[in-house]
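Only one structure is covered here, and it is reproduced in the block below.
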Amino acid sequence: MHHNPIYLAVDVPRLDAAEALARKVKEHVGGLKLGLEFFCAHGHHGVHEMAKLGLPIFLDLKLHDIPNTVAAAMQSLHVLEPAIVTVHASGGRAMMEDAKAAAGENCKVVAVTVLTSLDERDLARAGVSGTPHDQALRLAELAEAAGLDGIVCSGHEVAAIHRQWRNGFFVVPGLRPATGTEGNGDQKRTVTPREARDGGASVLVIGRPISRADDPVAAVRAIEATL
Ligand code: C5P
């Protein structure tokens with residue numbers, strides 16, 4: 001069986017509900033993404049419980065602190081054997097280098113560049129000039145130079161970043177499956193899982209299109225079939 005790039009974003013507040021959802025779809029996803037919300041609520045215990053399902057675990061903790069602190073945090077995660085951990089590229093080169101050096105051998109460290117909640121005005125207020133897109137490309141270069149495995153990026157920019165970082169590992173969230181209907185013309189431009197994959201995505205992070213579907217298994221199977 002070929003490697004399944006779909007990681008289920010388990011953004012469900014209750015641990016029992018998170019486990020039930022993951023158990024339902026586990027044959028159809030390549031891994032589970034657990035975010036800061038999950039980790040703050042359920043900690044190592046929650047991660048261990050989810051890991052019992054046997055899927056790779058992606059800890060989306062977006063670490064950002066002085067290099068020594070981030071390295072120590074990475075070391076404290078070894079026992080959980082995560083497949084992927086995120087840090088903020090804006091923490092700087094030394095922080096990323098130390099995070100990678102402290103990560104487990106089989107743990108990919110990927111950098112968040114610019115949060116999609118920030119626009120050009122927000123960046124300007126924080127003293128950063130230029131567009132979020134330019135800043136994301138700059139931070140992607142910094143992440144590569146620091147020896148990270150890859151970055152988190154949107155489906156809109158993955159193809160461009162893949163062209164400049166051929167062997168990078170690219171995690172793409174914010175995806176929406178094609179509905180097959182013509183009724184969403186007024187929605188914001190979205191990227192489908194297939195388009196992201198074709199653009200060079202290594203991991204497709206998908207949450208609500210699966211978790212909020214009436215039939216999560218049917219939803220994830222339909223996505224799988226498009227890849
Ligand atoms: O929208 P959906 O539920 O599929 O989001 C899946 C995950 O991707 C969530 O954990 C969300 O935090 C993350 N995400 C992100 N950046 C975006 C959109 C979603 O990191 N632009």
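Lettering and numbering for the structure tokens are positional, with chains as A, B, ... in the shown order, residues counted from 1 in each chain, and ligands counted from 1 in the shown order.
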Using only C-alpha atoms and all ligand atoms, what are the residues with an atom within 8 Å of ligand 1, set out as a PyMOL selection string?
chain A and resi 8-11+33-35+115-117+152-154+172-176+205-211
Would you write out those residues with N, CA, C and O atoms, as an mmCIF file, in the first residue's frame?
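What ended up in part_7.cif:
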data_model
loop_
_atom_site.group_PDB
_atom_site.id
_atom_site.type_symbol
_atom_site.label_atom_id
_atom_site.label_comp_id
_atom_site.auth_asym_id
_atom_site.auth_seq_id
_atom_site.Cartn_x
_atom_site.Cartn_y
_atom_site.Cartn_z
ATOM 1 N N LEU A 8 -5.232 13.477 9.810
ATOM 2 C CA LEU A 8 -6.471 14.001 10.398
ATOM 3 C C LEU A 8 -6.139 15.008 11.487
ATOM 4 O O LEU A 8 -5.409 14.689 12.437
ATOM 5 N N ALA A 9 -6.652 16.237 11.356
ATOM 6 C CA ALA A 9 -6.491 17.239 12.417
ATOM 7 C C ALA A 9 -7.516 16.933 13.493
ATOM 8 O O ALA A 9 -8.718 17.083 13.276
ATOM 9 N N VAL A 10 -7.037 16.478 14.636
ATOM 10 C CA VAL A 10 -7.931 16.063 15.717
ATOM 11 C C VAL A 10 -8.206 17.274 16.611
ATOM 12 O O VAL A 10 -7.641 17.410 17.681
ATOM 13 N N ASP A 11 -9.033 18.179 16.112
ATOM 14 C CA ASP A 11 -9.348 19.388 16.879
ATOM 15 C C ASP A 11 -10.677 19.199 17.592
ATOM 16 O O ASP A 11 -11.654 19.896 17.341
ATOM 17 N N LYS A 33 -2.923 14.565 13.511
ATOM 18 C CA LYS A 33 -2.327 15.832 13.925
ATOM 19 C C LYS A 33 -2.982 16.301 15.208
ATOM 20 O O LYS A 33 -4.186 16.517 15.263
ATOM 21 N N LEU A 34 -2.153 16.451 16.248
ATOM 22 C CA LEU A 34 -2.643 16.931 17.539
ATOM 23 C C LEU A 34 -2.078 18.318 17.769
ATOM 24 O O LEU A 34 -0.864 18.524 17.711
ATOM 25 N N GLY A 35 -2.945 19.284 18.027
ATOM 26 C CA GLY A 35 -2.517 20.677 18.154
ATOM 27 C C GLY A 35 -2.279 21.108 19.591
ATOM 28 O O GLY A 35 -2.381 20.326 20.544
ATOM 29 N N LEU A 115 1.606 32.994 10.110
ATOM 30 C CA LEU A 115 0.256 32.498 10.412
ATOM 31 C C LEU A 115 -0.723 33.102 9.404
ATOM 32 O O LEU A 115 -0.635 34.291 9.076
ATOM 33 N N THR A 116 -1.657 32.294 8.929
ATOM 34 C CA THR A 116 -2.595 32.802 7.922
ATOM 35 C C THR A 116 -3.581 33.812 8.516
ATOM 36 O O THR A 116 -4.317 34.460 7.785
ATOM 37 N N SER A 117 -3.575 33.948 9.837
ATOM 38 C CA SER A 117 -4.429 34.958 10.470
ATOM 39 C C SER A 117 -3.819 36.361 10.374
ATOM 40 O O SER A 117 -4.468 37.342 10.739
ATOM 41 N N VAL A 152 5.409 24.400 7.028
ATOM 42 C CA VAL A 152 3.958 24.375 6.858
ATOM 43 C C VAL A 152 3.643 25.494 5.876
ATOM 44 O O VAL A 152 4.142 26.605 6.021
ATOM 45 N N CYS A 153 2.865 25.221 4.851
ATOM 46 C CA CYS A 153 2.511 26.302 3.925
ATOM 47 C C CYS A 153 1.126 26.060 3.341
ATOM 48 O O CYS A 153 0.566 24.971 3.475
ATOM 49 N N SER A 154 0.576 27.103 2.727
ATOM 50 C CA SER A 154 -0.773 26.970 2.192
ATOM 51 C C SER A 154 -0.728 26.272 0.835
ATOM 52 O O SER A 154 0.308 26.229 0.172
ATOM 53 N N VAL A 172 0.619 20.843 4.358
ATOM 54 C CA VAL A 172 -0.368 21.804 3.848
ATOM 55 C C VAL A 172 -1.724 21.643 4.540
ATOM 56 O O VAL A 172 -2.371 20.598 4.406
ATOM 57 N N PRO A 173 -2.151 22.662 5.310
ATOM 58 C CA PRO A 173 -3.492 22.679 5.908
ATOM 59 C C PRO A 173 -4.426 23.571 5.090
ATOM 60 O O PRO A 173 -4.049 24.071 4.025
ATOM 61 N N GLY A 174 -5.618 23.768 5.619
ATOM 62 C CA GLY A 174 -6.561 24.701 4.992
ATOM 63 C C GLY A 174 -7.129 24.195 3.683
ATOM 64 O O GLY A 174 -7.429 24.984 2.794
ATOM 65 N N LEU A 175 -7.298 22.884 3.556
ATOM 66 C CA LEU A 175 -7.767 22.298 2.296
ATOM 67 C C LEU A 175 -9.269 22.061 2.326
ATOM 68 O O LEU A 175 -9.840 21.789 3.371
ATOM 69 N N ARG A 176 -9.883 22.166 1.181
ATOM 70 C CA ARG A 176 -11.309 21.862 1.066
ATOM 71 C C ARG A 176 -11.524 20.971 -0.160
ATOM 72 O O ARG A 176 -11.170 21.352 -1.265
ATOM 73 N N VAL A 205 -3.111 18.170 5.752
ATOM 74 C CA VAL A 205 -3.789 18.240 7.048
ATOM 75 C C VAL A 205 -5.258 18.557 6.802
ATOM 76 O O VAL A 205 -5.579 19.600 6.218
ATOM 77 N N ILE A 206 -6.134 17.666 7.225
ATOM 78 C CA ILE A 206 -7.563 17.869 6.988
ATOM 79 C C ILE A 206 -8.327 17.597 8.275
ATOM 80 O O ILE A 206 -8.177 16.539 8.886
ATOM 81 N N GLY A 207 -9.115 18.590 8.680
ATOM 82 C CA GLY A 207 -9.876 18.471 9.913
ATOM 83 C C GLY A 207 -11.367 18.430 9.673
ATOM 84 O O GLY A 207 -11.954 17.372 9.457
ATOM 85 N N ARG A 208 -11.971 19.603 9.689
ATOM 86 C CA ARG A 208 -13.438 19.679 9.656
ATOM 87 C C ARG A 208 -14.116 18.990 8.476
ATOM 88 O O ARG A 208 -15.202 18.426 8.663
ATOM 89 N N PRO A 209 -13.512 19.011 7.272
ATOM 90 C CA PRO A 209 -14.208 18.290 6.188
ATOM 91 C C PRO A 209 -14.423 16.808 6.515
ATOM 92 O O PRO A 209 -15.317 16.172 5.974
ATOM 93 N N ILE A 210 -13.606 16.279 7.442
ATOM 94 C CA ILE A 210 -13.795 14.892 7.871
ATOM 95 C C ILE A 210 -14.581 14.857 9.185
ATOM 96 O O ILE A 210 -15.609 14.184 9.289
ATOM 97 N N SER A 211 -14.111 15.627 10.178
ATOM 98 C CA SER A 211 -14.696 15.511 11.525
ATOM 99 C C SER A 211 -16.142 15.993 11.598
ATOM 100 O O SER A 211 -16.909 15.527 12.417
#
Which residues, written as a PyMOL selection string, have at least one atom at most 9 Å from Met95 in chain A, with only C-alpha atoms counted and residues fewer than 4 positions away on the same chain left out?
chain A and resi 64-71+87+89+91+99-100+146
Writing out the chosen residues with N, CA and C atoms as a PDB file, in the first residue's frame:
ATOM      1  N   HIS A  64       8.195  28.239  20.079  1.00  0.00           N
ATOM      2  CA  HIS A  64       8.846  29.528  19.796  1.00  0.00           C
ATOM      3  C   HIS A  64       9.366  30.096  21.109  1.00  0.00           C
ATOM      4  N   ASP A  65      10.691  29.969  21.314  1.00  0.00           N
ATOM      5  CA  ASP A  65      11.295  30.489  22.543  1.00  0.00           C
ATOM      6  C   ASP A  65      12.797  30.587  22.300  1.00  0.00           C
ATOM      7  N   ILE A  66      13.586  30.830  23.323  1.00  0.00           N
ATOM      8  CA  ILE A  66      15.033  30.867  23.112  1.00  0.00           C
ATOM      9  C   ILE A  66      15.508  29.451  22.760  1.00  0.00           C
ATOM     10  N   PRO A  67      16.605  29.343  22.028  1.00  0.00           N
ATOM     11  CA  PRO A  67      17.050  28.027  21.537  1.00  0.00           C
ATOM     12  C   PRO A  67      17.146  26.969  22.624  1.00  0.00           C
ATOM     13  N   ASN A  68      17.702  27.325  23.765  1.00  0.00           N
ATOM     14  CA  ASN A  68      17.893  26.369  24.847  1.00  0.00           C
ATOM     15  C   ASN A  68      16.563  25.793  25.338  1.00  0.00           C
ATOM     16  N   THR A  69      15.567  26.647  25.446  1.00  0.00           N
ATOM     17  CA  THR A  69      14.258  26.218  25.939  1.00  0.00           C
ATOM     18  C   THR A  69      13.549  25.331  24.920  1.00  0.00           C
ATOM     19  N   VAL A  70      13.636  25.720  23.650  1.00  0.00           N
ATOM     20  CA  VAL A  70      12.985  24.912  22.607  1.00  0.00           C
ATOM     21  C   VAL A  70      13.669  23.548  22.496  1.00  0.00           C
ATOM     22  N   ALA A  71      14.998  23.543  22.591  1.00  0.00           N
ATOM     23  CA  ALA A  71      15.721  22.267  22.526  1.00  0.00           C
ATOM     24  C   ALA A  71      15.311  21.360  23.686  1.00  0.00           C
ATOM     25  N   VAL A  87       7.756  24.134  14.789  1.00  0.00           N
ATOM     26  CA  VAL A  87       8.322  25.281  15.510  1.00  0.00           C
ATOM     27  C   VAL A  87       8.041  26.520  14.659  1.00  0.00           C
ATOM     28  N   ALA A  89       9.335  29.548  12.521  1.00  0.00           N
ATOM     29  CA  ALA A  89      10.558  29.987  11.842  1.00  0.00           C
ATOM     30  C   ALA A  89      11.021  31.345  12.357  1.00  0.00           C
ATOM     31  N   GLY A  91      11.339  32.265  15.197  1.00  0.00           N
ATOM     32  CA  GLY A  91      12.196  32.090  16.370  1.00  0.00           C
ATOM     33  C   GLY A  91      13.674  32.208  16.021  1.00  0.00           C
ATOM     34  N   ALA A  99      16.531  23.071  17.717  1.00  0.00           N
ATOM     35  CA  ALA A  99      15.333  22.228  17.758  1.00  0.00           C
ATOM     36  C   ALA A  99      15.577  20.949  16.961  1.00  0.00           C
ATOM     37  N   LYS A 100      16.165  21.094  15.798  1.00  0.00           N
ATOM     38  CA  LYS A 100      16.422  19.913  14.951  1.00  0.00           C
ATOM     39  C   LYS A 100      17.436  18.992  15.615  1.00  0.00           C
ATOM     40  N   ALA A 146      18.641  26.411   8.142  1.00  0.00           N
ATOM     41  CA  ALA A 146      18.825  25.926   9.514  1.00  0.00           C
ATOM     42  C   ALA A 146      18.806  24.401   9.592  1.00  0.00           C
TER      43      ALA A 146
END
Env of Ala103 in chain A: 10 Å cut, atoms = only C-alpha atoms, seq-sep filter 6 positions within chain, self excluded. Answer as number ranges by chain.
A: 71-78, 81-82, 84-85, 109
Fewer than 2 positions away in the same chain doesn't count, so skip those; otherwise give me all residues within 12 Å of Asp119 in chain A, counting only C-alpha atoms, as a list of chain:residue names.
A:Val114, A:Leu115, A:Thr116, A:Ser117, A:Arg121, A:Asp122, A:Leu123, A:Ala124, A:Arg125, A:Ala126, A:Val128, A:Ser129, A:Gly130, A:Thr131, A:Pro132, A:His133, A:Asp134, A:Gln135, A:Ala136
Among range 30-120 of chain A, which ones does DSSP assign to alpha helix (DSSP H) (computed from the backbone)? Answer as a ChimeraX atom specification.
/A:36-51,67-77,93-102,120
Export of the given selection (N, CA and C atoms) as a compact mmCIF listing (two decimals), in the first residue's frame:
# COMPACT_ATOMS: atom_id res chain seq x y z
N LEU A 36 -1.98 22.37 19.72
CA LEU A 36 -1.69 22.97 21.02
C LEU A 36 -2.88 22.82 21.97
N GLU A 37 -4.06 22.96 21.41
CA GLU A 37 -5.28 22.85 22.21
C GLU A 37 -5.39 21.46 22.83
N PHE A 38 -5.16 20.44 22.00
CA PHE A 38 -5.22 19.06 22.48
C PHE A 38 -4.12 18.83 23.52
N PHE A 39 -2.92 19.31 23.22
CA PHE A 39 -1.78 19.05 24.10
C PHE A 39 -1.95 19.75 25.44
N CYS A 40 -2.47 20.97 25.43
CA CYS A 40 -2.68 21.69 26.70
C CYS A 40 -3.77 21.03 27.53
N ALA A 41 -4.75 20.46 26.85
CA ALA A 41 -5.87 19.84 27.57
C ALA A 41 -5.52 18.43 28.07
N HIS A 42 -4.80 17.66 27.27
CA HIS A 42 -4.63 16.23 27.57
C HIS A 42 -3.19 15.78 27.77
N GLY A 43 -2.23 16.65 27.39
CA GLY A 43 -0.82 16.39 27.68
C GLY A 43 -0.29 15.08 27.13
N HIS A 44 0.78 14.59 27.77
CA HIS A 44 1.40 13.33 27.33
C HIS A 44 0.41 12.18 27.39
N HIS A 45 -0.41 12.18 28.42
CA HIS A 45 -1.39 11.10 28.55
C HIS A 45 -2.27 11.02 27.29
N GLY A 46 -2.76 12.17 26.86
CA GLY A 46 -3.63 12.20 25.68
C GLY A 46 -2.91 11.72 24.44
N VAL A 47 -1.66 12.13 24.29
CA VAL A 47 -0.89 11.70 23.11
C VAL A 47 -0.68 10.19 23.15
N HIS A 48 -0.32 9.67 24.32
CA HIS A 48 -0.14 8.22 24.45
C HIS A 48 -1.41 7.47 24.07
N GLU A 49 -2.54 7.98 24.53
CA GLU A 49 -3.82 7.32 24.23
C GLU A 49 -4.06 7.30 22.72
N MET A 50 -3.81 8.43 22.06
CA MET A 50 -4.03 8.50 20.62
C MET A 50 -3.04 7.63 19.86
N ALA A 51 -1.81 7.54 20.39
CA ALA A 51 -0.76 6.75 19.73
C ALA A 51 -1.10 5.26 19.74
N PRO A 67 16.61 29.34 22.03
CA PRO A 67 17.05 28.03 21.54
C PRO A 67 17.15 26.97 22.62
N ASN A 68 17.70 27.33 23.76
CA ASN A 68 17.89 26.37 24.85
C ASN A 68 16.56 25.79 25.34
N THR A 69 15.57 26.65 25.45
CA THR A 69 14.26 26.22 25.94
C THR A 69 13.55 25.33 24.92
N VAL A 70 13.64 25.72 23.65
CA VAL A 70 12.99 24.91 22.61
C VAL A 70 13.67 23.55 22.50
N ALA A 71 15.00 23.54 22.59
CA ALA A 71 15.72 22.27 22.53
C ALA A 71 15.31 21.36 23.69
N ALA A 72 15.18 21.94 24.87
CA ALA A 72 14.78 21.14 26.03
C ALA A 72 13.35 20.62 25.88
N ALA A 73 12.49 21.45 25.31
CA ALA A 73 11.11 21.01 25.07
C ALA A 73 11.10 19.85 24.07
N MET A 74 11.90 19.96 23.01
CA MET A 74 11.97 18.89 22.02
C MET A 74 12.42 17.59 22.67
N GLN A 75 13.40 17.71 23.58
CA GLN A 75 13.89 16.51 24.24
C GLN A 75 12.81 15.87 25.11
N SER A 76 11.98 16.72 25.71
CA SER A 76 10.90 16.20 26.55
C SER A 76 9.81 15.51 25.73
N LEU A 77 9.85 15.69 24.42
CA LEU A 77 8.86 15.05 23.55
C LEU A 77 9.33 13.69 23.03
N ARG A 93 17.24 31.34 13.28
CA ARG A 93 18.04 30.22 12.79
C ARG A 93 18.59 29.34 13.91
N ALA A 94 19.15 29.98 14.94
CA ALA A 94 19.76 29.19 16.03
C ALA A 94 18.71 28.35 16.74
N MET A 95 17.51 28.92 16.91
CA MET A 95 16.44 28.16 17.56
C MET A 95 16.07 26.94 16.73
N MET A 96 15.97 27.14 15.42
CA MET A 96 15.60 26.01 14.55
C MET A 96 16.70 24.95 14.52
N GLU A 97 17.94 25.40 14.45
CA GLU A 97 19.06 24.44 14.44
C GLU A 97 19.06 23.60 15.71
N ASP A 98 18.85 24.27 16.84
CA ASP A 98 18.88 23.54 18.11
C ASP A 98 17.66 22.63 18.26
N ALA A 99 16.53 23.07 17.72
CA ALA A 99 15.33 22.23 17.76
C ALA A 99 15.58 20.95 16.96
N LYS A 100 16.17 21.09 15.80
CA LYS A 100 16.42 19.91 14.95
C LYS A 100 17.44 18.99 15.62
N ALA A 101 18.48 19.59 16.19
CA ALA A 101 19.52 18.78 16.84
C ALA A 101 18.96 18.00 18.03
N ALA A 102 17.96 18.58 18.69
CA ALA A 102 17.41 17.95 19.89
C ALA A 102 16.28 16.97 19.57
N GLU A 120 -0.91 41.86 5.73
CA GLU A 120 0.22 42.77 5.54
C GLU A 120 0.25 43.86 6.61
Have a look at A:Leu227, A:Ala159, A:Ala83, A:Leu53 and name the one nearest to Lys24 in chain A; count only C-alpha atoms.
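Result for the nearest residue to Lys24 in chain A: A:Leu53.
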Using only C-alpha atoms, determine which residues lie at most 6 Å from Thr86 in chain A, disregarding the query and same-chain residues fewer than 3 positions distant; provide the list as an mmCIF file with N, CA and C atoms, in the first residue's frame.
data_model
loop_
_atom_site.group_PDB
_atom_site.id
_atom_site.type_symbol
_atom_site.label_atom_id
_atom_site.label_comp_id
_atom_site.auth_asym_id
_atom_site.auth_seq_id
_atom_site.Cartn_x
_atom_site.Cartn_y
_atom_site.Cartn_z
ATOM 1 N N ASP A 60 1.553 19.440 16.562
ATOM 2 C CA ASP A 60 1.582 20.806 16.009
ATOM 3 C C ASP A 60 1.624 21.795 17.169
ATOM 4 N N LEU A 61 2.799 21.900 17.786
ATOM 5 C CA LEU A 61 2.935 22.709 19.003
ATOM 6 C C LEU A 61 3.471 24.108 18.722
ATOM 7 N N LYS A 62 3.940 24.343 17.515
ATOM 8 C CA LYS A 62 4.424 25.671 17.101
ATOM 9 C C LYS A 62 5.329 26.294 18.165
ATOM 10 N N VAL A 109 11.212 17.959 11.808
ATOM 11 C CA VAL A 109 10.919 19.255 12.410
ATOM 12 C C VAL A 109 10.573 20.202 11.268
ATOM 13 N N VAL A 110 9.383 20.760 11.309
ATOM 14 C CA VAL A 110 8.945 21.659 10.239
ATOM 15 C C VAL A 110 8.570 23.005 10.831
ATOM 16 N N ALA A 111 8.786 24.058 10.037
ATOM 17 C CA ALA A 111 8.589 25.414 10.534
ATOM 18 C C ALA A 111 7.299 26.023 10.019
#
If I take CA of Val29 in chain A and CA of Arg221 in chain A, how far is one from the other in Å, to one decimal?
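Between CA of Val29 in chain A and CA of Arg221 in chain A the gap works out to 9.1 Å.
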Which one is closest to Leu59 in chain A: A:Cys107, A:Val12, A:Ala22, A:Leu142? Count only C-alpha atoms.
A:Cys107
